[in-house]
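Structure file upload34.pdb (PDB, C-alpha atoms, pLDDT in the B column) is printed below.
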```
ATOM      1  CA  GLU A  23      81.852 -50.530-148.590  1.00 41.00           C
ATOM      2  CA  GLN A  24      82.085 -46.835-147.824  1.00 46.00           C
ATOM      3  CA  ALA A  25      83.058 -44.561-150.721  1.00 47.00           C
ATOM      4  CA  ASP A  26      86.318 -42.631-150.554  1.00 55.00           C
ATOM      5  CA  ALA A  27      85.297 -39.123-149.516  1.00 54.00           C
ATOM      6  CA  SER A  28      88.155 -37.659-151.522  1.00 58.00           C
ATOM      7  CA  GLN A  29      86.726 -38.995-154.778  1.00 61.00           C
ATOM      8  CA  PRO A  30      83.715 -37.411-156.523  1.00 63.00           C
ATOM      9  CA  ILE A  31      80.669 -39.609-156.949  1.00 62.00           C
ATOM     10  CA  GLU A  32      79.041 -39.635-160.384  1.00 68.00           C
ATOM     11  CA  ILE A  33      75.315 -40.383-160.543  1.00 71.00           C
ATOM     12  CA  GLN A  34      73.585 -41.044-163.856  1.00 74.00           C
ATOM     13  CA  LEU A  35      69.828 -41.061-164.432  1.00 76.00           C
ATOM     14  CA  GLU A  36      68.020 -41.517-167.749  1.00 76.00           C
ATOM     15  CA  ASP A  37      64.958 -39.404-168.579  1.00 75.00           C
ATOM     16  CA  GLY A  38      64.174 -41.051-171.920  1.00 72.00           C
ATOM     17  CA  GLY A  39      63.377 -37.675-173.454  1.00 71.00           C
ATOM     18  CA  ASP A  40      60.387 -37.230-171.137  1.00 82.00           C
ATOM     19  CA  THR A  41      60.068 -33.806-169.496  1.00 86.00           C
ATOM     20  CA  THR A  42      58.159 -35.114-166.463  1.00 89.00           C
ATOM     21  CA  ARG A  43      60.831 -37.710-165.774  1.00 90.00           C
ATOM     22  CA  ALA A  44      63.536 -35.079-166.268  1.00 89.00           C
ATOM     23  CA  VAL A  45      61.991 -32.950-163.499  1.00 91.00           C
ATOM     24  CA  GLN A  46      61.591 -36.008-161.245  1.00 92.00           C
ATOM     25  CA  ASN A  47      65.212 -37.009-161.803  1.00 89.00           C
ATOM     26  CA  MET A  48      66.439 -33.502-161.079  1.00 91.00           C
ATOM     27  CA  LYS A  49      64.505 -33.366-157.814  1.00 93.00           C
ATOM     28  CA  LYS A  50      65.855 -36.779-156.827  1.00 92.00           C
ATOM     29  CA  LEU A  51      69.429 -35.737-157.548  1.00 90.00           C
ATOM     30  CA  ILE A  52      69.029 -32.595-155.479  1.00 92.00           C
ATOM     31  CA  GLN A  53      66.959 -33.929-152.584  1.00 92.00           C
ATOM     32  CA  GLU A  54      68.393 -37.449-152.176  1.00 90.00           C
ATOM     33  CA  HIS A  55      71.931 -37.102-153.487  1.00 89.00           C
ATOM     34  CA  ASN A  56      72.611 -33.444-152.661  1.00 89.00           C
ATOM     35  CA  ILE A  57      74.485 -32.913-155.927  1.00 89.00           C
ATOM     36  CA  ASP A  58      76.745 -29.919-156.465  1.00 89.00           C
ATOM     37  CA  ALA A  59      76.239 -29.690-160.232  1.00 91.00           C
ATOM     38  CA  MET A  60      74.795 -31.620-163.167  1.00 89.00           C
ATOM     39  CA  ILE A  61      75.644 -32.304-166.800  1.00 88.00           C
ATOM     40  CA  GLY A  62      72.521 -32.597-168.966  1.00 84.00           C
ATOM     41  CA  PRO A  63      69.804 -32.912-170.066  1.00 86.00           C
ATOM     42  CA  SER A  64      70.601 -33.607-173.712  1.00 81.00           C
ATOM     43  CA  THR A  65      67.308 -32.309-175.138  1.00 81.00           C
ATOM     44  CA  THR A  66      65.966 -28.765-175.148  1.00 82.00           C
ATOM     45  CA  PRO A  67      62.445 -29.450-173.763  1.00 83.00           C
ATOM     46  CA  ASN A  68      63.925 -31.277-170.772  1.00 88.00           C
ATOM     47  CA  ALA A  69      66.507 -28.567-170.143  1.00 90.00           C
ATOM     48  CA  LEU A  70      63.729 -25.961-170.117  1.00 90.00           C
ATOM     49  CA  ALA A  71      61.547 -28.137-167.883  1.00 91.00           C
ATOM     50  CA  ILE A  72      64.074 -28.244-165.036  1.00 92.00           C
ATOM     51  CA  LEU A  73      64.754 -24.501-164.891  1.00 94.00           C
ATOM     52  CA  ASP A  74      62.494 -23.886-161.896  1.00 95.00           C
ATOM     53  CA  VAL A  75      63.986 -26.789-159.953  1.00 94.00           C
ATOM     54  CA  ILE A  76      67.635 -25.850-160.447  1.00 94.00           C
ATOM     55  CA  ALA A  77      66.985 -22.169-159.808  1.00 94.00           C
ATOM     56  CA  ASP A  78      65.246 -22.911-156.503  1.00 94.00           C
ATOM     57  CA  ALA A  79      68.081 -25.213-155.421  1.00 94.00           C
ATOM     58  CA  LYS A  80      70.816 -23.010-156.932  1.00 95.00           C
ATOM     59  CA  VAL A  81      72.417 -25.987-158.672  1.00 94.00           C
ATOM     60  CA  PRO A  82      74.420 -25.174-161.833  1.00 95.00           C
ATOM     61  CA  VAL A  83      73.711 -27.235-164.933  1.00 93.00           C
ATOM     62  CA  MET A  84      75.883 -27.863-167.966  1.00 92.00           C
ATOM     63  CA  ALA A  85      73.246 -28.421-170.667  1.00 89.00           C
ATOM     64  CA  THR A  86      74.353 -30.341-173.761  1.00 85.00           C
ATOM     65  CA  VAL A  87      71.828 -28.694-176.054  1.00 83.00           C
ATOM     66  CA  GLY A  88      72.106 -26.193-178.880  1.00 75.00           C
ATOM     67  CA  THR A  89      69.008 -24.099-178.330  1.00 77.00           C
ATOM     68  CA  SER A  90      69.813 -20.613-177.081  1.00 81.00           C
ATOM     69  CA  SER A  91      66.509 -20.395-175.199  1.00 82.00           C
ATOM     70  CA  VAL A  92      67.998 -22.322-172.259  1.00 87.00           C
ATOM     71  CA  VAL A  93      70.402 -19.436-171.571  1.00 89.00           C
ATOM     72  CA  GLU A  94      68.703 -16.439-173.210  1.00 86.00           C
ATOM     73  CA  PRO A  95      67.366 -14.069-172.143  1.00 87.00           C
ATOM     74  CA  LEU A  96      69.533 -14.219-169.048  1.00 88.00           C
ATOM     75  CA  ASP A  97      67.347 -14.133-165.951  1.00 92.00           C
ATOM     76  CA  ALA A  98      67.199 -15.512-162.413  1.00 92.00           C
ATOM     77  CA  LYS A  99      66.563 -19.050-163.685  1.00 92.00           C
ATOM     78  CA  ARG A 100      68.838 -19.177-166.710  1.00 93.00           C
ATOM     79  CA  ARG A 101      71.823 -17.811-164.817  1.00 94.00           C
ATOM     80  CA  TRP A 102      72.283 -21.374-163.499  1.00 94.00           C
ATOM     81  CA  VAL A 103      72.533 -22.906-166.990  1.00 93.00           C
ATOM     82  CA  PHE A 104      75.671 -23.188-169.101  1.00 92.00           C
ATOM     83  CA  LYS A 105      75.854 -24.577-172.644  1.00 88.00           C
ATOM     84  CA  THR A 106      78.469 -26.802-174.264  1.00 83.00           C
ATOM     85  CA  THR A 107      77.458 -26.340-177.907  1.00 80.00           C
ATOM     86  CA  GLN A 108      76.884 -23.505-180.359  1.00 79.00           C
ATOM     87  CA  ASN A 109      73.483 -21.856-180.470  1.00 76.00           C
ATOM     88  CA  ASP A 110      71.240 -23.608-182.942  1.00 70.00           C
ATOM     89  CA  ASP A 111      70.825 -20.517-185.105  1.00 69.00           C
ATOM     90  CA  LEU A 112      74.570 -20.720-185.856  1.00 76.00           C
ATOM     91  CA  ILE A 113      74.262 -24.449-186.550  1.00 73.00           C
ATOM     92  CA  ALA A 114      71.252 -23.908-188.809  1.00 71.00           C
ATOM     93  CA  GLU A 115      73.036 -21.107-190.659  1.00 73.00           C
ATOM     94  CA  ALA A 116      76.014 -23.369-191.404  1.00 78.00           C
ATOM     95  CA  VAL A 117      73.811 -26.268-192.525  1.00 77.00           C
ATOM     96  CA  ILE A 118      71.678 -24.026-194.722  1.00 75.00           C
ATOM     97  CA  GLY A 119      74.793 -22.490-196.267  1.00 77.00           C
ATOM     98  CA  HIS A 120      76.133 -25.944-197.143  1.00 81.00           C
ATOM     99  CA  MET A 121      72.781 -26.983-198.589  1.00 78.00           C
ATOM    100  CA  ARG A 122      72.627 -23.901-200.789  1.00 76.00           C
ATOM    101  CA  LYS A 123      76.136 -24.573-202.118  1.00 80.00           C
ATOM    102  CA  SER A 124      75.062 -28.159-202.855  1.00 80.00           C
ATOM    103  CA  GLY A 125      72.062 -27.004-204.886  1.00 81.00           C
ATOM    104  CA  VAL A 126      69.428 -27.982-202.342  1.00 84.00           C
ATOM    105  CA  LYS A 127      66.428 -25.701-202.780  1.00 86.00           C
ATOM    106  CA  THR A 128      63.656 -27.398-200.831  1.00 90.00           C
ATOM    107  CA  ILE A 129      63.410 -29.435-197.636  1.00 90.00           C
ATOM    108  CA  GLY A 130      60.967 -31.474-195.630  1.00 94.00           C
ATOM    109  CA  PHE A 131      61.026 -31.648-191.841  1.00 95.00           C
ATOM    110  CA  ILE A 132      60.695 -34.824-189.799  1.00 94.00           C
ATOM    111  CA  GLY A 133      59.217 -33.686-186.505  1.00 92.00           C
ATOM    112  CA  SER A 134      56.738 -30.989-185.575  1.00 92.00           C
ATOM    113  CA  GLY A 135      57.784 -29.830-182.138  1.00 86.00           C
ATOM    114  CA  PHE A 136      60.009 -27.185-180.595  1.00 79.00           C
ATOM    115  CA  ASN A 137      63.151 -28.029-182.601  1.00 79.00           C
ATOM    116  CA  THR A 138      61.337 -28.039-185.925  1.00 88.00           C
ATOM    117  CA  ARG A 139      59.683 -24.693-185.268  1.00 87.00           C
ATOM    118  CA  PHE A 140      62.909 -23.122-184.043  1.00 79.00           C
ATOM    119  CA  HIS A 141      64.755 -24.262-187.169  1.00 82.00           C
ATOM    120  CA  MET A 142      61.923 -23.065-189.376  1.00 87.00           C
ATOM    121  CA  GLN A 143      62.444 -19.604-187.948  1.00 82.00           C
ATOM    122  CA  ALA A 144      66.081 -19.778-189.056  1.00 76.00           C
ATOM    123  CA  TRP A 145      64.799 -20.159-192.615  1.00 78.00           C
ATOM    124  CA  GLN A 146      63.327 -16.673-192.544  1.00 78.00           C
ATOM    125  CA  GLY A 147      66.710 -15.351-193.595  1.00 70.00           C
ATOM    126  CA  VAL A 148      66.986 -17.781-196.528  1.00 66.00           C
ATOM    127  CA  ARG A 149      65.720 -16.255-199.756  1.00 65.00           C
ATOM    128  CA  ASP A 150      66.383 -18.974-202.328  1.00 73.00           C
ATOM    129  CA  ALA A 151      65.225 -22.131-200.523  1.00 80.00           C
ATOM    130  CA  ASP A 152      61.849 -23.255-199.191  1.00 90.00           C
ATOM    131  CA  VAL A 153      60.320 -25.501-196.567  1.00 93.00           C
ATOM    132  CA  LEU A 154      57.777 -27.625-198.425  1.00 95.00           C
ATOM    133  CA  GLY A 155      56.956 -30.519-196.141  1.00 96.00           C
ATOM    134  CA  VAL A 156      56.460 -31.754-192.581  1.00 97.00           C
ATOM    135  CA  TRP A 157      55.918 -35.258-191.252  1.00 96.00           C
ATOM    136  CA  SER A 158      55.030 -36.197-187.690  1.00 95.00           C
ATOM    137  CA  PRO A 159      53.449 -39.346-186.228  1.00 94.00           C
ATOM    138  CA  ASN A 160      50.741 -36.986-185.016  1.00 94.00           C
ATOM    139  CA  ARG A 161      48.965 -35.735-188.145  1.00 94.00           C
ATOM    140  CA  LYS A 162      47.449 -32.722-186.410  1.00 95.00           C
ATOM    141  CA  ASN A 163      50.866 -31.635-185.166  1.00 95.00           C
ATOM    142  CA  ALA A 164      52.306 -32.070-188.662  1.00 96.00           C
ATOM    143  CA  ALA A 165      49.533 -29.909-190.114  1.00 97.00           C
ATOM    144  CA  ASP A 166      50.062 -27.268-187.414  1.00 96.00           C
ATOM    145  CA  ALA A 167      53.816 -27.166-188.078  1.00 96.00           C
ATOM    146  CA  ALA A 168      53.222 -26.871-191.827  1.00 96.00           C
ATOM    147  CA  ALA A 169      50.828 -23.988-191.178  1.00 97.00           C
ATOM    148  CA  PHE A 170      53.477 -22.391-188.955  1.00 96.00           C
ATOM    149  CA  ALA A 171      55.986 -22.544-191.842  1.00 95.00           C
ATOM    150  CA  ARG A 172      53.474 -20.913-194.161  1.00 96.00           C
ATOM    151  CA  ARG A 173      52.816 -18.138-191.625  1.00 96.00           C
ATOM    152  CA  LEU A 174      56.566 -17.514-191.477  1.00 93.00           C
ATOM    153  CA  ASP A 175      56.521 -17.322-195.279  1.00 93.00           C
ATOM    154  CA  VAL A 176      59.384 -19.808-195.576  1.00 91.00           C
ATOM    155  CA  GLY A 177      57.598 -22.024-198.082  1.00 92.00           C
ATOM    156  CA  ALA A 178      54.312 -23.600-199.105  1.00 95.00           C
ATOM    157  CA  ALA A 179      54.707 -26.414-196.602  1.00 96.00           C
ATOM    158  CA  LYS A 180      52.214 -29.246-196.380  1.00 96.00           C
ATOM    159  CA  ALA A 181      51.830 -32.213-194.062  1.00 97.00           C
ATOM    160  CA  TYR A 182      52.781 -35.690-195.327  1.00 96.00           C
ATOM    161  CA  THR A 183      51.188 -38.915-194.166  1.00 94.00           C
ATOM    162  CA  SER A 184      54.500 -40.807-194.100  1.00 92.00           C
ATOM    163  CA  ILE A 185      58.237 -40.258-194.273  1.00 91.00           C
ATOM    164  CA  THR A 186      58.316 -42.438-197.376  1.00 90.00           C
ATOM    165  CA  ASP A 187      55.845 -40.170-199.174  1.00 90.00           C
ATOM    166  CA  MET A 188      57.904 -37.113-198.337  1.00 91.00           C
ATOM    167  CA  VAL A 189      61.173 -38.746-199.458  1.00 88.00           C
ATOM    168  CA  ALA A 190      59.538 -39.880-202.689  1.00 86.00           C
ATOM    169  CA  ASP A 191      58.138 -36.451-203.560  1.00 89.00           C
ATOM    170  CA  PRO A 192      60.377 -34.932-206.275  1.00 86.00           C
ATOM    171  CA  ALA A 193      59.549 -31.484-204.887  1.00 91.00           C
ATOM    172  CA  ILE A 194      61.608 -32.281-201.778  1.00 89.00           C
ATOM    173  CA  ASP A 195      65.388 -32.076-202.205  1.00 88.00           C
ATOM    174  CA  ALA A 196      66.482 -32.971-198.670  1.00 87.00           C
ATOM    175  CA  ILE A 197      65.185 -34.062-195.278  1.00 89.00           C
ATOM    176  CA  TRP A 198      65.777 -32.095-192.067  1.00 89.00           C
ATOM    177  CA  LEU A 199      65.594 -34.506-189.112  1.00 88.00           C
ATOM    178  CA  CYS A 200      64.245 -32.830-185.963  1.00 86.00           C
ATOM    179  CA  GLY A 201      62.277 -35.607-184.299  1.00 83.00           C
ATOM    180  CA  PRO A 202      62.974 -36.873-180.766  1.00 80.00           C
ATOM    181  CA  ASN A 203      66.242 -38.729-180.223  1.00 74.00           C
ATOM    182  CA  HIS A 204      64.587 -42.038-179.413  1.00 78.00           C
ATOM    183  CA  ALA A 205      62.809 -42.077-182.794  1.00 84.00           C
ATOM    184  CA  ARG A 206      65.691 -41.064-185.031  1.00 81.00           C
ATOM    185  CA  ILE A 207      67.037 -44.533-185.803  1.00 85.00           C
ATOM    186  CA  GLU A 208      63.567 -45.610-186.941  1.00 88.00           C
ATOM    187  CA  ASN A 209      63.184 -42.391-188.955  1.00 88.00           C
ATOM    188  CA  VAL A 210      66.526 -42.832-190.708  1.00 86.00           C
ATOM    189  CA  GLU A 211      65.751 -46.479-191.437  1.00 86.00           C
ATOM    190  CA  GLU A 212      62.541 -45.448-193.218  1.00 88.00           C
ATOM    191  CA  ILE A 213      64.428 -42.771-195.168  1.00 85.00           C
ATOM    192  CA  ALA A 214      67.095 -45.304-196.161  1.00 82.00           C
ATOM    193  CA  ASP A 215      64.475 -47.858-197.163  1.00 82.00           C
ATOM    194  CA  ALA A 216      62.689 -45.358-199.409  1.00 80.00           C
ATOM    195  CA  VAL A 217      65.999 -44.242-200.918  1.00 75.00           C
ATOM    196  CA  ASN A 218      67.173 -47.786-201.565  1.00 72.00           C
ATOM    197  CA  ARG A 219      63.887 -48.790-203.177  1.00 67.00           C
ATOM    198  CA  GLY A 220      64.129 -45.751-205.448  1.00 59.00           C
ATOM    199  CA  LEU A 221      67.701 -46.600-206.443  1.00 51.00           C
ATOM    200  CA  ASP A 222      66.752 -50.233-207.020  1.00 53.00           C
ATOM    201  CA  LEU A 223      64.020 -49.158-209.421  1.00 47.00           C
ATOM    202  CA  ILE A 224      66.521 -47.124-211.432  1.00 47.00           C
ATOM    203  CA  ARG A 225      69.121 -49.898-211.485  1.00 49.00           C
ATOM    204  CA  GLN A 226      66.661 -52.661-212.360  1.00 51.00           C
ATOM    205  CA  HIS A 227      64.758 -50.852-215.088  1.00 47.00           C
ATOM    206  CA  GLN A 228      67.608 -48.837-216.597  1.00 47.00           C
ATOM    207  CA  GLY A 229      65.497 -45.776-217.261  1.00 47.00           C
ATOM    208  CA  GLN A 230      62.467 -47.665-218.616  1.00 47.00           C
ATOM    209  CA  LEU A 231      60.195 -46.287-215.923  1.00 42.00           C
ATOM    210  CA  LYS A 232      57.217 -44.038-216.195  1.00 41.00           C
ATOM    211  CA  LYS A 233      57.291 -40.857-214.155  1.00 39.00           C
ATOM    212  CA  ALA A 234      54.628 -42.227-211.853  1.00 36.00           C
ATOM    213  CA  ASP A 235      56.853 -45.204-211.020  1.00 39.00           C
ATOM    214  CA  LEU A 236      59.979 -43.242-210.251  1.00 39.00           C
ATOM    215  CA  VAL A 237      60.939 -42.782-206.620  1.00 39.00           C
ATOM    216  CA  LEU A 238      63.439 -39.949-206.304  1.00 38.00           C
ATOM    217  CA  ILE A 239      65.913 -39.761-203.467  1.00 35.00           C
ATOM    218  CA  THR A 240      66.653 -36.920-201.096  1.00 35.00           C
ATOM    219  CA  ASP A 241      69.644 -36.984-198.757  1.00 34.00           C
ATOM    220  CA  GLY A 242      70.938 -40.508-199.213  1.00 36.00           C
ATOM    221  CA  GLY A 243      74.444 -40.448-197.800  1.00 37.00           C
ATOM    222  CA  SER A 244      76.932 -41.696-200.382  1.00 37.00           C
ATOM    223  CA  ASP A 245      74.162 -41.829-202.999  1.00 42.00           C
ATOM    224  CA  ALA A 246      72.957 -38.273-202.355  1.00 42.00           C
ATOM    225  CA  GLN A 247      74.719 -36.936-205.449  1.00 47.00           C
ATOM    226  CA  MET A 248      72.518 -39.160-207.605  1.00 47.00           C
ATOM    227  CA  ALA A 249      69.453 -37.024-206.905  1.00 48.00           C
ATOM    228  CA  PRO A 250      70.096 -34.457-209.681  1.00 52.00           C
ATOM    229  CA  ARG A 251      70.807 -37.238-212.196  1.00 53.00           C
ATOM    230  CA  LEU A 252      67.644 -39.082-211.241  1.00 48.00           C
ATOM    231  CA  ARG A 253      65.605 -35.914-211.685  1.00 50.00           C
ATOM    232  CA  GLU A 254      67.169 -35.379-215.134  1.00 54.00           C
ATOM    233  CA  GLN A 255      66.309 -38.949-216.014  1.00 50.00           C
ATOM    234  CA  ALA A 256      62.737 -38.474-214.794  1.00 46.00           C
ATOM    235  CA  ALA A 257      62.357 -35.366-216.950  1.00 49.00           C
ATOM    236  CA  GLU A 258      63.352 -37.361-220.031  1.00 50.00           C
ATOM    237  CA  LEU A 259      60.784 -40.121-219.465  1.00 42.00           C
TER
END
```
Please go through the file and, once you have read it, give me the structure as structure tokens.
Amino acid sequence: EQADASQPIEIQLEDGGDTTRAVQNMKKLIQEHNIDAMIGPSTTPNALAILDVIADAKVPVMATVGTSSVVEPLDAKRRWVFKTTQNDDLIAEAVIGHMRKSGVKTIGFIGSGFNTRFHMQAWQGVRDADVLGVWSPNRKNAADAAAFARRLDVGAAKAYTSITDMVADPAIDAIWLCGPNHARIENVEEIADAVNRGLDLIRQHQGQLKKADLVLITDGGSDAQMAPRLREQAAEL
């Protein structure tokens, strides 16, 4: 059945967060489907990866990412990109401001790539909070990101071997999730598991724990406000 020429045709392709696939998809959309414009990608690395392709084809893109680097500095490639969200420095500033008002003084990052490093740079303007931890499935990348934070002088960051270890460390007040989209459900599940096990210990033992046995929570949703009380309880043990 032939499509109605008066109706626009929407074509959707999934890149799975992979930059190579994002470039392949963009070329396919341009060469095979002769698209007039595109909405996406939804991740910064993929949006940056397709710049050459869209500039050569002169196809405008509405990128659903926060990072300002896809549109700044404005040049021959970036003139074809438009953004739908605030720049991530504005987002980071708002989040950091809320954290400071909530008494959060230290954070640990999940992720070690572009997003993590960009957000770390936003912490350079924060004088009363520190980046103390980084976890990544790639230990070398985690260590490199931690070293990057130290070079920025935003905190004495160190690499953690697991999300659970970072959540359990009483030096970490909150977790900043910057890993790839496809891994975030798994990351949050591990955070929630560590939080719940820590709360269970408190509830079961009613304060009869040794400091070494106490798992403190970080950002635990509805239970997040328990963190200061748990730390007070730990100090009394």
* Exercise: Arg101 of chain A partners within 12 Å, all atoms listed in the file, chain neighbours under 4 positions left out, as number ranges by chain -> A: 73-74, 76-78, 80-84, 91-97, 105
* Asked: Which neighbours of segment 54-67 of chain A fall inside 10 Å, counting all atoms listed in the file, when residues of the same chain fewer than 5 positions from it are skipped, and could you give them as a ChimeraX atom specification?
  -> /A:31-41,44,48-49,72,76,79-92,102-106,135-137,202-203
Please produce a file of those selected residues containing C-alpha atoms, as an mmCIF file, in the coordinates of the input.
```cif
data_model
loop_
_atom_site.group_PDB
_atom_site.id
_atom_site.type_symbol
_atom_site.label_atom_id
_atom_site.label_comp_id
_atom_site.auth_asym_id
_atom_site.auth_seq_id
_atom_site.Cartn_x
_atom_site.Cartn_y
_atom_site.Cartn_z
ATOM 1 C CA ILE A 31 80.669 -39.609 -156.949
ATOM 2 C CA GLU A 32 79.041 -39.635 -160.384
ATOM 3 C CA ILE A 33 75.315 -40.383 -160.543
ATOM 4 C CA GLN A 34 73.585 -41.044 -163.856
ATOM 5 C CA LEU A 35 69.828 -41.061 -164.432
ATOM 6 C CA GLU A 36 68.020 -41.517 -167.749
ATOM 7 C CA ASP A 37 64.958 -39.404 -168.579
ATOM 8 C CA GLY A 38 64.174 -41.051 -171.920
ATOM 9 C CA GLY A 39 63.377 -37.675 -173.454
ATOM 10 C CA ASP A 40 60.387 -37.230 -171.137
ATOM 11 C CA THR A 41 60.068 -33.806 -169.496
ATOM 12 C CA ALA A 44 63.536 -35.079 -166.268
ATOM 13 C CA MET A 48 66.439 -33.502 -161.079
ATOM 14 C CA LYS A 49 64.505 -33.366 -157.814
ATOM 15 C CA ILE A 72 64.074 -28.244 -165.036
ATOM 16 C CA ILE A 76 67.635 -25.850 -160.447
ATOM 17 C CA ALA A 79 68.081 -25.213 -155.421
ATOM 18 C CA LYS A 80 70.816 -23.010 -156.932
ATOM 19 C CA VAL A 81 72.417 -25.987 -158.672
ATOM 20 C CA PRO A 82 74.420 -25.174 -161.833
ATOM 21 C CA VAL A 83 73.711 -27.235 -164.933
ATOM 22 C CA MET A 84 75.883 -27.863 -167.966
ATOM 23 C CA ALA A 85 73.246 -28.421 -170.667
ATOM 24 C CA THR A 86 74.353 -30.341 -173.761
ATOM 25 C CA VAL A 87 71.828 -28.694 -176.054
ATOM 26 C CA GLY A 88 72.106 -26.193 -178.880
ATOM 27 C CA THR A 89 69.008 -24.099 -178.330
ATOM 28 C CA SER A 90 69.813 -20.613 -177.081
ATOM 29 C CA SER A 91 66.509 -20.395 -175.199
ATOM 30 C CA VAL A 92 67.998 -22.322 -172.259
ATOM 31 C CA TRP A 102 72.283 -21.374 -163.499
ATOM 32 C CA VAL A 103 72.533 -22.906 -166.990
ATOM 33 C CA PHE A 104 75.671 -23.188 -169.101
ATOM 34 C CA LYS A 105 75.854 -24.577 -172.644
ATOM 35 C CA THR A 106 78.469 -26.802 -174.264
ATOM 36 C CA GLY A 135 57.784 -29.830 -182.138
ATOM 37 C CA PHE A 136 60.009 -27.185 -180.595
ATOM 38 C CA ASN A 137 63.151 -28.029 -182.601
ATOM 39 C CA PRO A 202 62.974 -36.873 -180.766
ATOM 40 C CA ASN A 203 66.242 -38.729 -180.223
#
```
* Please provide the set of residues having any atom within 12 Å of Phe140 of chain A, restricted to only C-alpha atoms, with same-chain residues fewer than 5 positions apart removed, written as a list in words. =>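 Residues near the query, excluding close chain neighbours: Thr66, Gly88, Thr89, Ser90, Ser91, Asn109, Asp110, Asp111, Ile113, Ala114, Phe131, Gly133, Ser134, Gly135, Trp145, Gln146, Ala167, Phe170, Ala171, Leu174 and Cys200 of chain A.
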* Structure fact -> Between atom CA of Asp187 of chain A and atom CA of Glu212 of chain A lies a distance of 10.4 Å
* Computed interatomic separation between atom CA of Arg139 of chain A and atom CA of Gln46 of chain A (Å) -> 26.6 Å
* Asked: What does the distance from atom CA of Thr186 of chain A to atom CA of Ile213 of chain A come to in Å, to one decimal?
  ->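 Computed distance, atom CA of Thr186 of chain A to atom CA of Ile213 of chain A, equals 6.5 Å.
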* Asked: Using the chain letters and numbers from the file, which residues does the PyMOL selection byres ((chain A and resi 194) around 8) grab, as a PyMOL selection string?
  -> chain A and resi 128-130+154-155+188-193+195-197+240
* With the file shown as input, list the residues that the PyMOL selection byres ((chain A and resi 126) around 10) selects, as an NGL selection string. => :A and (118-125 or 127-129 or 150-152 or 194-196 or 240-241 or 250)
So for segment 115-129 of chain A, what box centre and size do we get, axis-aligned, 6 Å extra on each of the six sides, every listed atom, Å to one decimal, as JSON?
```
{"center_x": 69.8, "center_y": -25.3, "center_z": -197.8, "size_x": 24.7, "size_y": 20.3, "size_z": 26.2}
```
* To do: Show which residues sit within 10 Å of Val210 of chain A, as number ranges by chain. Count all atoms listed in the file, and ignore same-chain residues fewer than 4 positions away.
  => A: 132, 185, 197, 199, 205-206, 214-216, 242
